[in-house]
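Input: a single structure, listed below in structure tokens.
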Amino acid sequence: MGKPRIVVLEGDSLGKVFQLKEGVQSIGRGEDQADIVIADKSISKVHATLEVRDDVLYVIDKGSTNGIFYNREKVRQANILDQQFFGIGDIYFRFEAGEELSSVIHDFQMRVVTIMDELRRKIIGQEQVLRQLVASIFAGGHSLMVGVPGLAKTVTVNSLSQVLDLEFKRVQFTPDLMPSDITGTNIISENEDGKNGFKFVRGPIFTQLLLADEIIRTPPKTQAALLEAMQEKQVTVGDRSIPLPRPFVVIATQNPIEQEGTYVLPEAQLDRFMFNIQVDYPQCVKKRRFSAVQQ
């Protein structure tokens with residue numbers, strides 16, 4: 001097992017690695033006051049304390065000027081897991097618990113085997129489809145599933161969300177669907193003080209796993225509502241940019257037949273998808289259909 005450490009991801013100390021010792025350590029820009037020194041104006045002389053317990057890094061703010069950040073939110077303290085990011089002032093770090101690579105890979109392989117076994121309980125005969133979907137999610141990418149109706153594409157994605165314990169939402173794309181139906185919209189609402197003001201009501205895109213069903217059935221204007229979300233992991237409404245939950249994965253479905261009245265995805269949007277997954281009939285069903293045709 002290696003030693004836990006933090007890696008600097010920004011500023012003049014980019015790439016620098018600080019090994020974390022047992023017990024509580026302080027981090028700041030004061031050379032005489034802090035155990036870990038980061039020379040940046042956004043960091044206070046003694047900015048925060050760091051302590052590793054059971055492969056978790058506990059970061060506690062010590063009354064700094066600019067605070068600490070976790071999941072893009074300013075917090076007083078945060079519990080950082082292996083390979084997660086946190087900010088101190090304007091500088092971001094990655095925490096590494098120090099596990100040996102071979103041990104991490106073996107643990108990951110065992111988890112993937114368990115995931116595949118659970119998916120096979122409900123989805124039969126679509127081995128390559130399941131493998132590509134699992135790979136895209138762990139790689140942080142999006143997928144486009146192309147197949148005729150009735151091949152359990154929706155059931156597959158829903159089962160995947162249950163096995164991975166991800167928040168799941170489905171949007172049926174239609175010609176009258178508007179961008180605000182996906183991202184959300186501002187409505188006039190009464191405030192606590194009795195005055196009217198705007199309140200943002202989040203759309204179904206604020207989830208971890210979004211199924212965009214029959215994505216080519218909706219006009220380009222609505223298709224484009226996904227572009228920023230898929231690339232930047234955020235949604236811009238008015239003058240606000242709102243981060244999406246992590247992880248955020250879009251799995252879209254497309255029907256290769258009945259193309260009349262559809263809106264083909266532009267190259268710019270196709271580029272956002274990591275996998276173009278072809279969903280076909282399972283081999284056992286193909287044989288039955290072929291035999292029926294011969295008879």
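In the structure tokens, each chain is lettered A, B, ... as it comes, each chain's residues begin at 1, and ligands are numbered from 1 in order of appearance.
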
- Message: Can you tell me which residues surround A:Thr218 at a distance of at most 7 Å, considering only C-alpha atoms, apart from same-chain residues fewer than 5 positions away, and format the answer as a list in words?
- Response: Phe173, Thr174, Pro175, Leu177, Gln223 and Tyr263 of chain A

- Task: Please identify all polymer residues within 12 Å of A:Gln83, counting only C-alpha atoms, omitting same-chain residues fewer than 5 positions from it, and present them as a count of residues only.
- Result: 15

- Message: For A:Ile137, find every residue with an atom within 10 Å (counting only C-alpha atoms), except residues of its own chain fewer than 3 positions away, and show them as a count of residues only.
- Response: 16

- For A:Gly89, the nearest of the candidates A:Asp61, A:Asp176, A:Asp280, A:Glu228, counting only C-alpha atoms: A:Asp61

- Item | Nearest residue to A:Phe138 from the set A:Ile205, A:Arg246, A:Pro266, A:Ser44 (distances using only C-alpha atoms) |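 So, comparing all the options, the nearest one is A:Arg246.
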
- Message: Taking 2 positions as the minimum chain separation for residues in the same chain, which residues sit within 10 Å of A:Ile115 when counting only C-alpha atoms? Answer as a ChimeraX atom specification.
- Response: /A:109-113,117-120,130,134,160,163-164

- Item | Selection near A:Pro204, 7 Å with only C-alpha atoms, sequence-local residues under 3 positions removed, as a list in words | Lys169, Ile182, Thr183 and Thr207 of chain A

- Task: Write down as a PyMOL selection string the residues of stretch 88-211 of chain A whose backbone DSSP state falls under helix (DSSP H, G or I).
- Result: chain A and resi 101-120+127-138+153-163+179-183

- From the set A:Val8, A:Leu81, A:Ile27, A:Ile216, which residue has the shortest atom-to-atom contact distance to A:Thr49, counting only C-alpha atoms?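 Ranking A:Val8, A:Leu81, A:Ile27, A:Ile216 by distance to A:Thr49, first place goes to A:Ile27.
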
- Quick one: pull the distance between atom CA of A:Thr156 and atom CA of A:Ala225, Å, one decimal. 24.3 Å

- Message: To one decimal place in Å, what is the distance between atom CA of A:Pro220 and atom CA of A:Thr262?
- Response: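 Interatomic distance, atom CA of A:Pro220 to atom CA of A:Thr262: 10.1 Å.
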
- Message: Show me, as a VMD selection string, the residues that have an atom within 7 Å of A:Pro243 when counting only C-alpha atoms, minus same-chain residues fewer than 6 positions from it.
- Response: chain A and resid 233 to 235

- What lies within 9 Å of A:Asn66 using only C-alpha atoms, ignoring chain neighbours under 2 positions off, as a list in words?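 Listing them by chain and then by number gives Ser42, Ile43, Ser44, His47, Gly63, Ser64, Ile68, Lys74, Ile88, Gly89 and Asp90 of chain A.
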
- Query: Residues of stretch 72-232 of chain A in strand (DSSP E) according to DSSP, as a PyMOL selection string?
  - Reply: chain A and resi 73-75+77-80+85-88+91-96+142-146+168-172+184-190+196-202+209-213

- Message: I'd like to know which of A:Ala139, A:Leu244, A:Leu211, A:Ile80 is closest to A:Arg170, using only C-alpha atoms.
- Response: A:Leu211

- Message: So the first atom is atom CA of A:Glu22 and the second is atom CA of A:Ala78; what is the distance between them in Å, to one decimal place?
- Response: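 Value for the atom CA of A:Glu22-atom CA of A:Ala78 distance: 18.2 Å.
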
- Message: Taking only C-alpha atoms into account, name the residue in A:Asp40, A:Asp12, A:Glu51, A:Glu127 that is nearest to A:Val279.
- Response: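 The shortest atom-to-atom distance to A:Val279 comes from A:Glu127.
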